[in-house]
>>> print(open('data-v2.cif').read())   # mmCIF, C-alpha atoms and all ligand atoms
data_coords
loop_
_atom_site.group_PDB
_atom_site.id
_atom_site.type_symbol
_atom_site.label_atom_id
_atom_site.label_comp_id
_atom_site.auth_asym_id
_atom_site.auth_seq_id
_atom_site.Cartn_x
_atom_site.Cartn_y
_atom_site.Cartn_z
ATOM 1 C CA MET A 273 0.093 21.110 -0.234
ATOM 2 C CA THR A 274 -1.403 24.350 -1.497
ATOM 3 C CA LEU A 275 0.027 23.830 -4.964
ATOM 4 C CA LEU A 276 -1.806 20.543 -5.410
ATOM 5 C CA ALA A 277 -5.093 21.702 -3.876
ATOM 6 C CA PRO A 278 -6.249 23.696 -6.970
ATOM 7 C CA HIS A 279 -6.538 20.392 -8.820
ATOM 8 C CA THR A 280 -9.260 19.161 -6.465
ATOM 9 C CA ASN A 281 -12.172 19.453 -8.917
ATOM 10 C CA GLU A 282 -10.308 17.813 -11.770
ATOM 11 C CA LEU A 283 -9.167 14.962 -9.545
ATOM 12 C CA ARG A 284 -12.625 14.361 -8.135
ATOM 13 C CA LYS A 285 -14.116 14.092 -11.639
ATOM 14 C CA LEU A 286 -11.288 11.838 -12.723
ATOM 15 C CA SER A 287 -11.836 9.522 -9.762
ATOM 16 C CA GLU A 288 -15.440 8.919 -10.839
ATOM 17 C CA LEU A 289 -14.470 7.560 -14.272
ATOM 18 C CA PRO A 290 -14.259 3.867 -15.206
ATOM 19 C CA THR A 291 -10.796 2.537 -14.413
ATOM 20 C CA GLU A 292 -9.345 2.409 -17.927
ATOM 21 C CA LEU A 293 -10.381 5.960 -18.734
ATOM 22 C CA ALA A 294 -9.343 7.186 -15.288
ATOM 23 C CA LEU A 295 -5.851 5.782 -15.851
ATOM 24 C CA ARG A 296 -5.534 7.492 -19.249
ATOM 25 C CA ARG A 297 -6.648 10.810 -17.773
ATOM 26 C CA SER A 298 -4.344 10.297 -14.778
ATOM 27 C CA ALA A 299 -1.370 9.789 -17.066
ATOM 28 C CA ALA A 300 -2.207 13.021 -18.907
ATOM 29 C CA PHE A 301 -2.740 14.894 -15.624
ATOM 30 C CA LEU A 302 0.596 13.737 -14.216
ATOM 31 C CA ALA A 303 2.423 14.552 -17.452
ATOM 32 C CA ARG A 304 1.151 18.127 -17.242
ATOM 33 C CA LEU A 305 1.933 18.426 -13.547
ATOM 34 C CA VAL A 306 5.541 17.257 -13.668
ATOM 35 C CA LYS A 307 6.284 19.649 -16.546
ATOM 36 C CA ASP A 308 4.549 22.606 -14.920
ATOM 37 C CA ALA A 309 7.187 25.261 -14.241
ATOM 38 C CA ASP A 310 5.603 26.357 -10.923
ATOM 39 C CA PHE A 311 5.416 22.780 -9.718
ATOM 40 C CA VAL A 312 9.012 22.061 -10.662
ATOM 41 C CA GLU A 313 10.279 25.255 -9.035
ATOM 42 C CA SER A 314 8.242 25.115 -5.854
ATOM 43 C CA GLN A 315 8.250 21.370 -5.209
ATOM 44 C CA ILE A 316 10.743 19.321 -7.169
ATOM 45 C CA LEU A 317 13.814 21.468 -6.717
ATOM 46 C CA SER A 318 13.284 21.975 -2.987
ATOM 47 C CA LEU A 319 12.614 18.277 -2.443
ATOM 48 C CA LEU A 320 15.803 17.310 -4.238
ATOM 49 C CA GLU A 321 17.612 19.610 -1.829
ATOM 50 C CA GLU A 322 15.765 18.287 1.226
ATOM 51 C CA ALA A 323 16.378 14.667 0.206
ATOM 52 C CA ARG A 324 20.137 15.003 0.622
ATOM 53 C CA ASP A 325 19.746 14.298 4.340
ATOM 54 C CA ARG A 326 17.415 11.337 3.914
ATOM 55 C CA GLU A 327 18.431 7.707 3.846
ATOM 56 C CA ASP A 328 15.176 5.950 2.982
ATOM 57 C CA TRP A 329 12.391 6.667 0.518
ATOM 58 C CA TYR A 330 9.426 8.699 1.804
ATOM 59 C CA VAL A 331 6.211 10.447 0.821
ATOM 60 C CA ALA A 332 7.154 14.118 0.849
ATOM 61 C CA ARG A 333 3.835 15.685 -0.190
ATOM 62 C CA ARG A 334 0.300 14.421 -0.297
ATOM 63 C CA HIS A 335 -3.125 15.705 -1.208
ATOM 64 C CA ASP A 336 -5.975 13.351 -0.284
ATOM 65 C CA ALA A 337 -9.663 13.679 -1.087
ATOM 66 C CA LYS A 338 -11.708 14.063 2.086
ATOM 67 C CA ASP A 339 -13.966 11.220 0.961
ATOM 68 C CA GLY A 340 -11.061 8.928 0.010
ATOM 69 C CA SER A 341 -11.811 9.072 -3.718
ATOM 70 C CA TYR A 342 -8.238 9.944 -4.714
ATOM 71 C CA SER A 343 -4.781 10.463 -3.289
ATOM 72 C CA LEU A 344 -1.980 12.428 -4.921
ATOM 73 C CA LYS A 345 1.491 11.847 -3.489
ATOM 74 C CA VAL A 346 5.048 12.933 -4.240
ATOM 75 C CA PHE A 347 7.595 10.195 -3.464
ATOM 76 C CA VAL A 348 11.283 10.858 -2.902
ATOM 77 C CA TRP A 349 13.770 8.087 -3.675
ATOM 78 C CA PRO A 350 17.319 8.650 -2.400
ATOM 79 C CA PRO A 351 19.928 6.488 -4.166
ATOM 80 C CA GLY A 352 19.732 2.819 -3.258
ATOM 81 C CA THR A 353 16.212 2.896 -1.754
ATOM 82 C CA GLY A 354 13.097 0.966 -2.771
ATOM 83 C CA THR A 355 9.830 -0.542 -1.594
ATOM 84 C CA ASN A 356 8.957 -4.129 -0.792
ATOM 85 C CA ILE A 357 6.896 -6.003 -3.341
ATOM 86 C CA HIS A 358 3.339 -4.775 -2.820
ATOM 87 C CA ASP A 359 -0.004 -4.074 -4.431
ATOM 88 C CA HIS A 360 -2.680 -1.421 -3.958
ATOM 89 C CA SER A 361 -6.365 -1.381 -3.111
ATOM 90 C CA SER A 362 -7.025 1.100 -5.912
ATOM 91 C CA TRP A 363 -5.897 1.866 -9.422
ATOM 92 C CA GLY A 364 -2.788 4.009 -9.573
ATOM 93 C CA ALA A 365 -0.549 5.901 -11.973
ATOM 94 C CA TYR A 366 2.839 7.435 -11.387
ATOM 95 C CA TYR A 367 5.165 9.631 -13.376
ATOM 96 C CA CYS A 368 8.841 10.103 -12.715
ATOM 97 C CA ALA A 369 9.587 13.787 -12.191
ATOM 98 C CA ALA A 370 13.360 13.697 -11.576
ATOM 99 C CA GLY A 371 16.042 11.058 -11.937
ATOM 100 C CA THR A 372 15.046 7.499 -12.801
ATOM 101 C CA VAL A 373 13.048 4.880 -10.922
ATOM 102 C CA LEU A 374 13.203 1.174 -11.571
ATOM 103 C CA GLU A 375 9.966 -0.787 -11.441
ATOM 104 C CA GLU A 376 9.720 -4.581 -11.240
ATOM 105 C CA ARG A 377 6.319 -6.064 -12.014
ATOM 106 C CA TYR A 378 5.051 -9.429 -10.813
ATOM 107 C CA GLU A 379 2.177 -11.815 -11.487
ATOM 108 C CA ARG A 380 0.675 -14.425 -9.213
ATOM 109 C CA LEU A 381 1.114 -18.044 -10.123
ATOM 110 C CA ASP A 382 -1.333 -19.338 -7.474
ATOM 111 C CA ASP A 383 -5.125 -18.993 -7.542
ATOM 112 C CA GLY A 384 -5.384 -17.045 -4.260
ATOM 113 C CA SER A 385 -7.320 -19.799 -2.523
ATOM 114 C CA ARG A 386 -4.802 -20.385 0.302
ATOM 115 C CA PRO A 387 -4.937 -17.669 2.993
ATOM 116 C CA ASP A 388 -1.731 -15.620 3.402
ATOM 117 C CA HIS A 389 -0.113 -17.485 0.494
ATOM 118 C CA ALA A 390 1.015 -15.990 -2.807
ATOM 119 C CA SER A 391 3.431 -17.395 -5.334
ATOM 120 C CA LEU A 392 4.951 -14.755 -7.618
ATOM 121 C CA LYS A 393 6.674 -14.616 -10.971
ATOM 122 C CA LYS A 394 8.556 -11.526 -12.154
ATOM 123 C CA VAL A 395 7.166 -10.499 -15.539
ATOM 124 C CA TRP A 396 9.092 -7.350 -16.397
ATOM 125 C CA GLN A 397 11.304 -4.587 -15.151
ATOM 126 C CA LEU A 398 11.539 -1.109 -16.613
ATOM 127 C CA SER A 399 13.347 2.123 -15.860
ATOM 128 C CA TRP A 400 11.131 5.199 -15.864
ATOM 129 C CA SER A 401 12.364 8.746 -16.327
ATOM 130 C CA SER A 402 10.413 11.913 -17.079
ATOM 131 C CA GLU A 403 10.553 11.081 -20.805
ATOM 132 C CA ASP A 404 8.869 7.696 -20.418
ATOM 133 C CA GLY A 405 5.268 8.573 -19.614
ATOM 134 C CA ALA A 406 3.237 7.098 -16.783
ATOM 135 C CA SER A 407 3.298 3.609 -15.354
ATOM 136 C CA THR A 408 -0.121 2.361 -14.275
ATOM 137 C CA VAL A 409 -1.399 -0.370 -11.959
ATOM 138 C CA LEU A 410 -4.784 -1.977 -11.468
ATOM 139 C CA PRO A 411 -6.072 -2.791 -7.975
ATOM 140 C CA GLY A 412 -4.883 -5.954 -6.203
ATOM 141 C CA ASP A 413 -3.297 -8.680 -8.314
ATOM 142 C CA GLY A 414 -3.351 -6.365 -11.361
ATOM 143 C CA GLY A 415 -0.490 -4.273 -10.048
ATOM 144 C CA ILE A 416 1.992 -6.251 -7.956
ATOM 145 C CA HIS A 417 5.247 -4.335 -8.077
ATOM 146 C CA ARG A 418 8.350 -3.005 -6.450
ATOM 147 C CA VAL A 419 9.611 0.526 -7.120
ATOM 148 C CA GLY A 420 13.026 1.877 -6.248
ATOM 149 C CA ASN A 421 16.069 3.847 -7.246
ATOM 150 C CA PRO A 422 19.196 1.789 -7.853
ATOM 151 C CA GLY A 423 20.955 4.830 -9.363
ATOM 152 C CA GLU A 424 23.298 7.356 -7.826
ATOM 153 C CA SER A 425 21.163 10.482 -7.882
ATOM 154 C CA THR A 426 17.878 11.172 -6.084
ATOM 155 C CA ALA A 427 14.672 10.375 -7.966
ATOM 156 C CA LEU A 428 11.202 11.858 -7.506
ATOM 157 C CA SER A 429 7.880 10.511 -8.696
ATOM 158 C CA VAL A 430 4.317 11.798 -8.508
ATOM 159 C CA HIS A 431 1.588 9.207 -7.870
ATOM 160 C CA LEU A 432 -2.168 9.427 -8.251
ATOM 161 C CA TYR A 433 -4.368 6.710 -6.731
ATOM 162 C CA GLY A 434 -8.100 6.256 -7.297
ATOM 163 C CA PRO A 435 -10.890 5.227 -4.914
ATOM 164 C CA ARG A 436 -9.930 2.513 -2.452
ATOM 165 C CA MET A 437 -11.720 -0.765 -3.030
ATOM 166 C CA ALA A 438 -10.788 -2.306 0.341
ATOM 167 C CA GLU A 439 -10.215 -1.090 3.874
ATOM 168 C CA VAL A 440 -6.488 -1.779 3.774
ATOM 169 C CA ASP A 441 -4.143 0.300 1.659
ATOM 170 C CA GLY A 442 -2.798 -2.745 -0.165
ATOM 171 C CA ARG A 443 -0.787 -5.869 0.536
ATOM 172 C CA ASP A 444 2.871 -6.742 0.975
ATOM 173 C CA TYR A 445 4.435 -9.855 -0.528
ATOM 174 C CA ASP A 446 7.378 -11.896 0.649
ATOM 175 C CA PRO A 447 8.359 -14.117 -2.282
ATOM 176 C CA SER A 448 11.112 -15.841 -0.290
ATOM 177 C CA ARG A 449 8.377 -17.477 1.826
ATOM 178 C CA ASP A 450 5.468 -17.239 -0.667
ATOM 179 C CA ARG A 451 3.644 -15.037 1.867
ATOM 180 C CA ILE A 452 1.195 -12.158 1.510
ATOM 181 C CA CYS A 453 -0.157 -9.825 4.221
ATOM 182 C CA ASP A 454 -2.201 -6.633 4.567
ATOM 183 C CA ARG A 455 -0.103 -3.497 4.472
ATOM 184 C CA ARG A 456 0.119 -1.093 7.399
ATOM 185 C CA GLU A 457 -0.686 2.561 6.705
ATOM 186 C CA ASP A 458 2.287 4.737 5.875
HETATM 187 FE FE FE A 501 3.092 0.848 -5.514
#
>>> encode(input="data-v2.cif", output="structure tokens")
Amino acid sequence: MTLLAPHTNELRKLSELPTELALRRSAAFLARLVKDADFVESQILSLLEEARDREDWYVARRHDAKDGSYSLKVFVWPPGTGTNIHDHSSWGAYYCAAGTVLEERYERLDDGSRPDHASLKKVWQLSWSSEDGASTVLPGDGGIHRVGNPGESTALSVHLYGPRMAEVDGRDYDPSRDRICDRRED
């Protein structure tokens, strides 16, 4: 993770900003990173090679603040892979660095008053490539989504998450049963 470590100071400052500003700065940071020639050569190209043997999506690189104030991760998405519907306990921004990822975004229809229950409505879906800028999520209900790669070539995305606002990393949703539960650590 040595290549991401030099960004420590910038990321710490960014993580202290109010959410809206932090997300704008995160988008700009990620845009610079995924177009940085050193980053592309040392990380992206080798990960695309490595991913040939992988069947499921995974976090290939990560750089976490010691105090939990931010987390920078590189996700690899082999063809046909994707997450469950989930949310996060922090704000987040991601930028597609290779290939294309498909994101589906959801909203809750219920008021959250019933434990373990969540009723969802899909509100949009968008394909993101390196020309499309950053997608951003707010903590909790403000960023319920599913991310994956329905295409035929491997995709890579770089994600930056802000300070965690809860002990769990986020929650998983099962819309077939209108259920919600805390997510296990990856
Ligand atoms: Fe997510």
>>> atom_distance(input="data-v2.cif", atom1="CA of Leu286 in chain A", atom2="CA of Pro435 in chain A")
10.2 Å
>>> resolve_selection(input="data-v2.cif", expression="the PyMOL selection byres (((not hetatm)) within 8 of (chain A and resi 501))", output="list in words")
Thr355, His358, Asp359, His360, Gly364, Val409, Gly415, Ile416, His417, Arg418 and Val419 of chain A
>>> resolve_selection(input="data-v2.cif", expression="the PyMOL selection byres (((chain A and resi 410) around 12) and not hetatm)", output="ChimeraX atom specification")
/A:290-292,294-295,359-365,377,407-409,411-417,433-437,442
>>> axis_aligned_box(input="data-v2.cif", around="range 281-299 of chain A", padding_each_side="8 Å", output="AutoDock Vina command-line options")
--center_x -8.4 --center_y 10.9 --center_z -13.7 --size_x 30.1 --size_y 33.0 --size_z 27.1
>>> resolve_selection(input="data-v2.cif", expression="the PyMOL selection byres (((chain A and resi 279) around 12) and not hetatm)", output="ChimeraX atom specification")
/A:273-278,280-286,298,301-302,304-305,335-337,342-344,432
>>> residues_around(input="data-v2.cif", residues="Cys368 in chain A", least_positions_apart="2", cutoff="9 Å", atoms="only C-alpha atoms", output="short mmCIF file (atom, residue, chain, number, x, y, z; two decimals) with C-alpha atoms, in the coordinates of the input")
data_model
loop_
_atom_site.label_atom_id
_atom_site.label_comp_id
_atom_site.auth_asym_id
_atom_site.auth_seq_id
_atom_site.Cartn_x
_atom_site.Cartn_y
_atom_site.Cartn_z
CA VAL A 306 5.54 17.26 -13.67
CA TYR A 366 2.84 7.44 -11.39
CA ALA A 370 13.36 13.70 -11.58
CA GLY A 371 16.04 11.06 -11.94
CA THR A 372 15.05 7.50 -12.80
CA VAL A 373 13.05 4.88 -10.92
CA TRP A 400 11.13 5.20 -15.86
CA SER A 401 12.36 8.75 -16.33
CA SER A 402 10.41 11.91 -17.08
CA GLU A 403 10.55 11.08 -20.80
CA ASP A 404 8.87 7.70 -20.42
CA GLY A 405 5.27 8.57 -19.61
CA ALA A 406 3.24 7.10 -16.78
CA SER A 407 3.30 3.61 -15.35
CA ALA A 427 14.67 10.38 -7.97
CA LEU A 428 11.20 11.86 -7.51
CA SER A 429 7.88 10.51 -8.70
CA VAL A 430 4.32 11.80 -8.51
CA HIS A 431 1.59 9.21 -7.87
#
>>> residues_around(input="data-v2.cif", residues="range 313-315 of chain A", least_positions_apart="3", cutoff="10 Å", atoms="all atoms listed in the file", output="list in words")
Met273, Leu275, Val306, Asp308, Ala309, Asp310, Ser318, Leu319, Leu320, Ala332, Arg333 and Val346 of chain A
>>> closest_residue(input="data-v2.cif", among="A:Pro447, A:Pro351, A:Leu289, A:Asp328", to="Ser425 in chain A", atoms="all atoms listed in the file")
A:Pro351
>>> residues_around(input="data-v2.cif", residues="Asp388 in chain A", least_positions_apart="5", cutoff="7 Å", atoms="only C-alpha atoms", output="compact mmCIF listing (two decimals) with C-alpha atoms, in the frame of the given file")
# COMPACT_ATOMS: atom_id res chain seq x y z
CA ARG A 451 3.64 -15.04 1.87
CA ILE A 452 1.20 -12.16 1.51
CA CYS A 453 -0.16 -9.82 4.22
>>> atom_distance(input="data-v2.cif", atom1="CA of Ser399 in chain A", atom2="CA of Arg455 in chain A")
25.0 Å
>>> residues_near_point(input="data-v2.cif", point="(5.5, -10.8, -10.9)", cutoff="9 Å", atoms="only C-alpha atoms", output="MDAnalysis selection string")
chainID A and resid 376:381 391:396 415:417
>>> build_atoms(input="data-v2.cif", residues="range 297-308 of chain A", atoms="all heavy atoms", output="compact mmCIF listing (two decimals), in the frame of the given file")
# COMPACT_ATOMS: atom_id res chain seq x y z
N ARG A 297 -6.58 9.40 -18.20
CA ARG A 297 -6.65 10.81 -17.77
C ARG A 297 -5.59 11.10 -16.70
O ARG A 297 -5.03 12.20 -16.65
CB ARG A 297 -8.05 11.14 -17.22
CG ARG A 297 -9.15 11.06 -18.25
CD ARG A 297 -9.28 12.37 -19.02
NE ARG A 297 -10.21 12.20 -20.13
CZ ARG A 297 -11.53 12.36 -20.04
NH1 ARG A 297 -12.07 12.71 -18.89
NH2 ARG A 297 -12.30 12.18 -21.10
N SER A 298 -5.35 10.12 -15.83
CA SER A 298 -4.34 10.30 -14.78
C SER A 298 -2.97 10.49 -15.39
O SER A 298 -2.19 11.34 -14.95
CB SER A 298 -4.30 9.08 -13.85
OG SER A 298 -5.51 8.91 -13.19
N ALA A 299 -2.67 9.68 -16.40
CA ALA A 299 -1.37 9.79 -17.07
C ALA A 299 -1.21 11.18 -17.67
O ALA A 299 -0.15 11.80 -17.56
CB ALA A 299 -1.24 8.71 -18.14
N ALA A 300 -2.27 11.69 -18.30
CA ALA A 300 -2.21 13.02 -18.91
C ALA A 300 -2.07 14.09 -17.82
O ALA A 300 -1.30 15.05 -17.96
CB ALA A 300 -3.45 13.27 -19.76
N PHE A 301 -2.82 13.93 -16.73
CA PHE A 301 -2.74 14.89 -15.62
C PHE A 301 -1.32 14.97 -15.05
O PHE A 301 -0.76 16.05 -14.85
CB PHE A 301 -3.74 14.49 -14.53
CG PHE A 301 -3.58 15.27 -13.26
CD1 PHE A 301 -4.15 16.53 -13.12
CD2 PHE A 301 -2.84 14.75 -12.19
CE1 PHE A 301 -3.98 17.26 -11.95
CE2 PHE A 301 -2.68 15.48 -11.03
CZ PHE A 301 -3.24 16.73 -10.91
N LEU A 302 -0.74 13.78 -14.81
CA LEU A 302 0.60 13.74 -14.22
C LEU A 302 1.65 14.30 -15.17
O LEU A 302 2.59 14.98 -14.75
CB LEU A 302 0.95 12.30 -13.82
CG LEU A 302 0.11 11.72 -12.67
CD1 LEU A 302 0.37 10.22 -12.53
CD2 LEU A 302 0.39 12.45 -11.37
N ALA A 303 1.48 14.03 -16.46
CA ALA A 303 2.42 14.55 -17.45
C ALA A 303 2.43 16.08 -17.42
O ALA A 303 3.48 16.71 -17.47
CB ALA A 303 2.06 14.05 -18.85
N ARG A 304 1.25 16.67 -17.32
CA ARG A 304 1.15 18.13 -17.24
C ARG A 304 1.78 18.65 -15.95
O ARG A 304 2.52 19.62 -15.95
CB ARG A 304 -0.33 18.54 -17.27
CG ARG A 304 -0.79 19.05 -18.63
CD ARG A 304 -2.21 19.58 -18.55
NE ARG A 304 -3.16 18.49 -18.38
CZ ARG A 304 -4.10 18.46 -17.42
NH1 ARG A 304 -4.22 19.44 -16.56
NH2 ARG A 304 -4.92 17.43 -17.34
N LEU A 305 1.46 17.95 -14.85
CA LEU A 305 1.93 18.43 -13.55
C LEU A 305 3.46 18.43 -13.45
O LEU A 305 4.05 19.41 -13.00
CB LEU A 305 1.34 17.54 -12.44
CG LEU A 305 1.61 17.97 -11.00
CD1 LEU A 305 0.99 19.35 -10.72
CD2 LEU A 305 1.06 16.94 -10.03
N VAL A 306 4.08 17.33 -13.86
CA VAL A 306 5.54 17.26 -13.67
C VAL A 306 6.30 18.18 -14.62
O VAL A 306 7.49 18.41 -14.42
CB VAL A 306 6.10 15.81 -13.79
CG1 VAL A 306 5.42 14.88 -12.80
CG2 VAL A 306 6.00 15.28 -15.20
N LYS A 307 5.62 18.70 -15.64
CA LYS A 307 6.28 19.65 -16.55
C LYS A 307 5.87 21.09 -16.28
O LYS A 307 6.31 22.01 -16.96
CB LYS A 307 6.00 19.25 -18.00
CG LYS A 307 6.71 17.95 -18.37
CD LYS A 307 6.48 17.54 -19.81
CE LYS A 307 7.39 16.39 -20.21
NZ LYS A 307 7.23 15.15 -19.45
N ASP A 308 5.00 21.26 -15.27
CA ASP A 308 4.55 22.61 -14.92
C ASP A 308 5.68 23.37 -14.22
O ASP A 308 6.23 22.90 -13.21
CB ASP A 308 3.33 22.47 -13.99
CG ASP A 308 2.79 23.82 -13.57
OD1 ASP A 308 3.27 24.38 -12.56
OD2 ASP A 308 1.91 24.32 -14.27
